[in-house]
Amino acid sequence: MNGILLLNKDINKTSRDIVNDISHILKTKKVGHTGTLDPIATGVLVVTVGRYTKLNEVLMSTYKEYIAEFKLGVLTDTLDITGNVLKSENVSLAKEEIKNAIMSFHGSYMQSVPHYSAVKVNGKKLYEYARNGEHVDLPSRSVEIKEIEFISIKDDIVKIRTLVSKGTYIRSLIRDIGEHLNTSATMTSLVRTKQGRFDISSTCTVDDIRNNKYHLLKIEDVLDVFVVEMNEDEYFKVKNGSRMSGNYGECFVLFKYHGKEISLYKKDNDVYRNYLSIDI
């Protein structure tokens, strides 16, 4: 079984929990995902099955859209509401001041990753340092906030929508918005509404899969590919992993034989090299 599932992740489940559930239901060990969601988060989780797990890196590089809510005046060790409170204060800020602070993050900036994350420093995950009470300098990375907008505020809870690049932590973005306002801010909810071309309206649940109410997407559904229906000679070359040449003009070429997916090739200068063998 090879394909891609669009899941709406349940709250209080890790991404690994979802992968394990799918692996059990579909009775296959080859299951992966293309972008971790924290337990507090829900929404789009792109799950790859079978040989398609090799597409994880390609699918992970796309922009992701989120609807997030955060509480002003509160800071926790995890940067979300599930953590231990480190700081709490009453905050009274004008709506326009909050909106301007949010909009100031439009564009690229250097973002420090959260203490509680799986990013490794000296071969050790940051959350392991945090759980042991060990100090470590947090690495920073350049992230792009392609779109960001203020949606609403009720009491001290602010709601935003944002479209961000790979590697962006919404918890960190919210922390940084709070600092920009000279206070603290902690995420209270998060929904991933889009990942690349995938929208939450097209997702299914783990229960849907359990009840056989799901659709497996194929390569043509998820990537811009040039499709080639091979003749016997071309099939022999592709089957043996030979480099291919042609005027395909795309990054990826999907070779088929009698309508069946055989192999995905990726452009490398003037030739195409095997990237993913599907049915050889």
# chains A, B, ... in the order shown; residues from 1 in each chain; ligands from 1

call {"tool": "closest_atom_pairs", "arguments": {"of": "segment 136-174 of chain A", "to": "segment 32-47 of chain A", "cutoff": "12 Å", "atoms": "only C-alpha atoms", "output": "Markdown table"}}
result
| residue | atom | partner | partner_atom | distance |
| --- | --- | --- | --- | --- |
| A:Ser165 | CA | A:Gly35 | CA | 11.5 |
| A:Lys166 | CA | A:Gly35 | CA | 8.5 |
| A:Gly167 | CA | A:Gly35 | CA | 9.0 |
| A:Thr168 | CA | A:Gly35 | CA | 10.8 |
| A:Tyr169 | CA | A:Leu37 | CA | 10.1 |
| A:Ile170 | CA | A:Asp38 | CA | 10.4 |
| A:Arg171 | CA | A:Asp38 | CA | 10.0 |

call {"tool": "select_by_dssp", "arguments": {"residues": "segment 70-114 of chain A", "states": "alpha helix (DSSP H)", "output": "PyMOL selection string"}}
result
chain A and resi 95-103

call {"tool": "write_last_selection", "arguments": {"atoms": "all heavy atoms", "output": "mmCIF file, in the first residue's frame"}}
result
data_model
loop_
_atom_site.group_PDB
_atom_site.id
_atom_site.type_symbol
_atom_site.label_atom_id
_atom_site.label_comp_id
_atom_site.auth_asym_id
_atom_site.auth_seq_id
_atom_site.Cartn_x
_atom_site.Cartn_y
_atom_site.Cartn_z
ATOM 1 N N LYS A 95 -6.307 47.730 21.510
ATOM 2 C CA LYS A 95 -6.469 46.798 20.396
ATOM 3 C C LYS A 95 -5.511 47.128 19.245
ATOM 4 O O LYS A 95 -4.883 46.237 18.666
ATOM 5 C CB LYS A 95 -7.916 46.844 19.909
ATOM 6 C CG LYS A 95 -8.266 45.853 18.831
ATOM 7 C CD LYS A 95 -9.754 45.961 18.511
ATOM 8 C CE LYS A 95 -10.183 45.032 17.417
ATOM 9 N NZ LYS A 95 -11.648 45.148 17.140
ATOM 10 N N GLU A 96 -5.378 48.397 18.913
ATOM 11 C CA GLU A 96 -4.503 48.810 17.809
ATOM 12 C C GLU A 96 -3.047 48.496 18.109
ATOM 13 O O GLU A 96 -2.277 48.139 17.216
ATOM 14 C CB GLU A 96 -4.679 50.299 17.511
ATOM 15 C CG GLU A 96 -5.932 50.635 16.740
ATOM 16 C CD GLU A 96 -6.038 49.870 15.422
ATOM 17 O OE1 GLU A 96 -5.051 49.883 14.654
ATOM 18 O OE2 GLU A 96 -7.094 49.261 15.159
ATOM 19 N N GLU A 97 -2.659 48.646 19.390
ATOM 20 C CA GLU A 97 -1.281 48.336 19.783
ATOM 21 C C GLU A 97 -0.994 46.851 19.573
ATOM 22 O O GLU A 97 0.076 46.466 19.082
ATOM 23 C CB GLU A 97 -1.068 48.721 21.242
ATOM 24 C CG GLU A 97 0.373 48.596 21.708
ATOM 25 C CD GLU A 97 0.565 49.022 23.155
ATOM 26 O OE1 GLU A 97 -0.428 49.406 23.802
ATOM 27 O OE2 GLU A 97 1.717 48.954 23.633
ATOM 28 N N ILE A 98 -1.949 46.004 19.928
ATOM 29 C CA ILE A 98 -1.798 44.552 19.747
ATOM 30 C C ILE A 98 -1.735 44.209 18.257
ATOM 31 O O ILE A 98 -0.880 43.433 17.819
ATOM 32 C CB ILE A 98 -2.961 43.804 20.428
ATOM 33 C CG1 ILE A 98 -2.912 44.032 21.939
ATOM 34 C CG2 ILE A 98 -2.914 42.319 20.102
ATOM 35 C CD1 ILE A 98 -4.156 43.565 22.671
ATOM 36 N N LYS A 99 -2.632 44.807 17.471
ATOM 37 C CA LYS A 99 -2.645 44.557 16.029
ATOM 38 C C LYS A 99 -1.324 44.974 15.379
ATOM 39 O O LYS A 99 -0.766 44.250 14.544
ATOM 40 C CB LYS A 99 -3.810 45.309 15.377
ATOM 41 C CG LYS A 99 -5.179 44.727 15.673
ATOM 42 C CD LYS A 99 -6.295 45.582 15.103
ATOM 43 C CE LYS A 99 -6.316 45.545 13.589
ATOM 44 N NZ LYS A 99 -7.521 46.266 13.063
ATOM 45 N N ASN A 100 -0.809 46.114 15.765
ATOM 46 C CA ASN A 100 0.451 46.598 15.188
ATOM 47 C C ASN A 100 1.616 45.688 15.552
ATOM 48 O O ASN A 100 2.506 45.442 14.719
ATOM 49 C CB ASN A 100 0.738 48.027 15.656
ATOM 50 C CG ASN A 100 -0.220 49.042 15.047
ATOM 51 O OD1 ASN A 100 -0.826 48.790 14.005
ATOM 52 N ND2 ASN A 100 -0.376 50.189 15.697
ATOM 53 N N ALA A 101 1.614 45.193 16.793
ATOM 54 C CA ALA A 101 2.677 44.276 17.214
ATOM 55 C C ALA A 101 2.635 42.992 16.397
ATOM 56 O O ALA A 101 3.664 42.476 15.954
ATOM 57 C CB ALA A 101 2.540 43.963 18.702
ATOM 58 N N ILE A 102 1.432 42.473 16.180
ATOM 59 C CA ILE A 102 1.266 41.243 15.392
ATOM 60 C C ILE A 102 1.749 41.464 13.967
ATOM 61 O O ILE A 102 2.524 40.670 13.420
ATOM 62 C CB ILE A 102 -0.213 40.800 15.413
ATOM 63 C CG1 ILE A 102 -0.580 40.282 16.808
ATOM 64 C CG2 ILE A 102 -0.480 39.733 14.344
ATOM 65 C CD1 ILE A 102 -2.074 40.119 17.035
ATOM 66 N N MET A 103 1.331 42.555 13.342
ATOM 67 C CA MET A 103 1.683 42.825 11.956
ATOM 68 C C MET A 103 3.172 43.110 11.769
ATOM 69 O O MET A 103 3.706 42.931 10.679
ATOM 70 C CB MET A 103 0.859 44.006 11.427
ATOM 71 C CG MET A 103 -0.634 43.715 11.305
ATOM 72 S SD MET A 103 -0.976 42.215 10.334
ATOM 73 C CE MET A 103 -0.209 42.643 8.776
#

call {"tool": "atom_distance", "arguments": {"atom1": "atom CA of Val113 of chain A", "atom2": "atom CA of Asp17 of chain A"}}
result
22.9 Å

call {"tool": "select_by_dssp", "arguments": {"residues": "segment 69-276 of chain A", "states": "strand (DSSP E or B)", "output": "ChimeraX atom specification"}}
result
/A:69-72,74-76,80,85-88,107-112,120-121,124-125,140-154,157-164,185-195,198-199,204,217,225-229,244,252-257,260-268,271-276

call {"tool": "closest_residue", "arguments": {"among": "A:Ser172, A:Asn240, A:Ile209, A:Asp270", "to": "Ile18 of chain A", "atoms": "only C-alpha atoms"}}
result
A:Ile209

call {"tool": "residues_around", "arguments": {"residues": "Asn90 of chain A", "least_positions_apart": "5", "cutoff": "12 Å", "atoms": "only C-alpha atoms", "output": "list in words"}}
result
Lys71, Leu72, Gly73, Val74, Asp155, Asp156, Thr183, Ser184 and Ala185 of chain A

call {"tool": "write_last_selection", "arguments": {"atoms": "C-alpha atoms", "output": "PDB file, in the first residue's frame"}}
result
ATOM      1  CA  LYS A  71      -3.283  34.612  26.378  1.00  0.00           C
ATOM      2  CA  LEU A  72      -1.549  37.897  27.158  1.00  0.00           C
ATOM      3  CA  GLY A  73       0.300  38.363  30.436  1.00  0.00           C
ATOM      4  CA  VAL A  74       1.180  34.690  30.965  1.00  0.00           C
ATOM      5  CA  ASP A 155     -10.596  39.832  27.386  1.00  0.00           C
ATOM      6  CA  ASP A 156      -6.908  38.831  27.258  1.00  0.00           C
ATOM      7  CA  THR A 183       4.674  41.535  28.398  1.00  0.00           C
ATOM      8  CA  SER A 184       4.294  37.762  28.076  1.00  0.00           C
ATOM      9  CA  ALA A 185       2.088  35.626  25.839  1.00  0.00           C
TER      10      ALA A 185
END

call {"tool": "atom_distance", "arguments": {"atom1": "atom CA of Val31 of chain A", "atom2": "atom CA of Asp207 of chain A"}}
result
16.8 Å

call {"tool": "closest_residue", "arguments": {"among": "A:Tyr66, A:Phe255, A:Tyr127, A:Phe236", "to": "Gln195 of chain A", "atoms": "only C-alpha atoms"}}
result
A:Tyr66

call {"tool": "closest_residue", "arguments": {"among": "A:Lys237, A:Lys194, A:Lys124, A:Arg210", "to": "Val164 of chain A", "atoms": "only C-alpha atoms"}}
result
A:Lys194
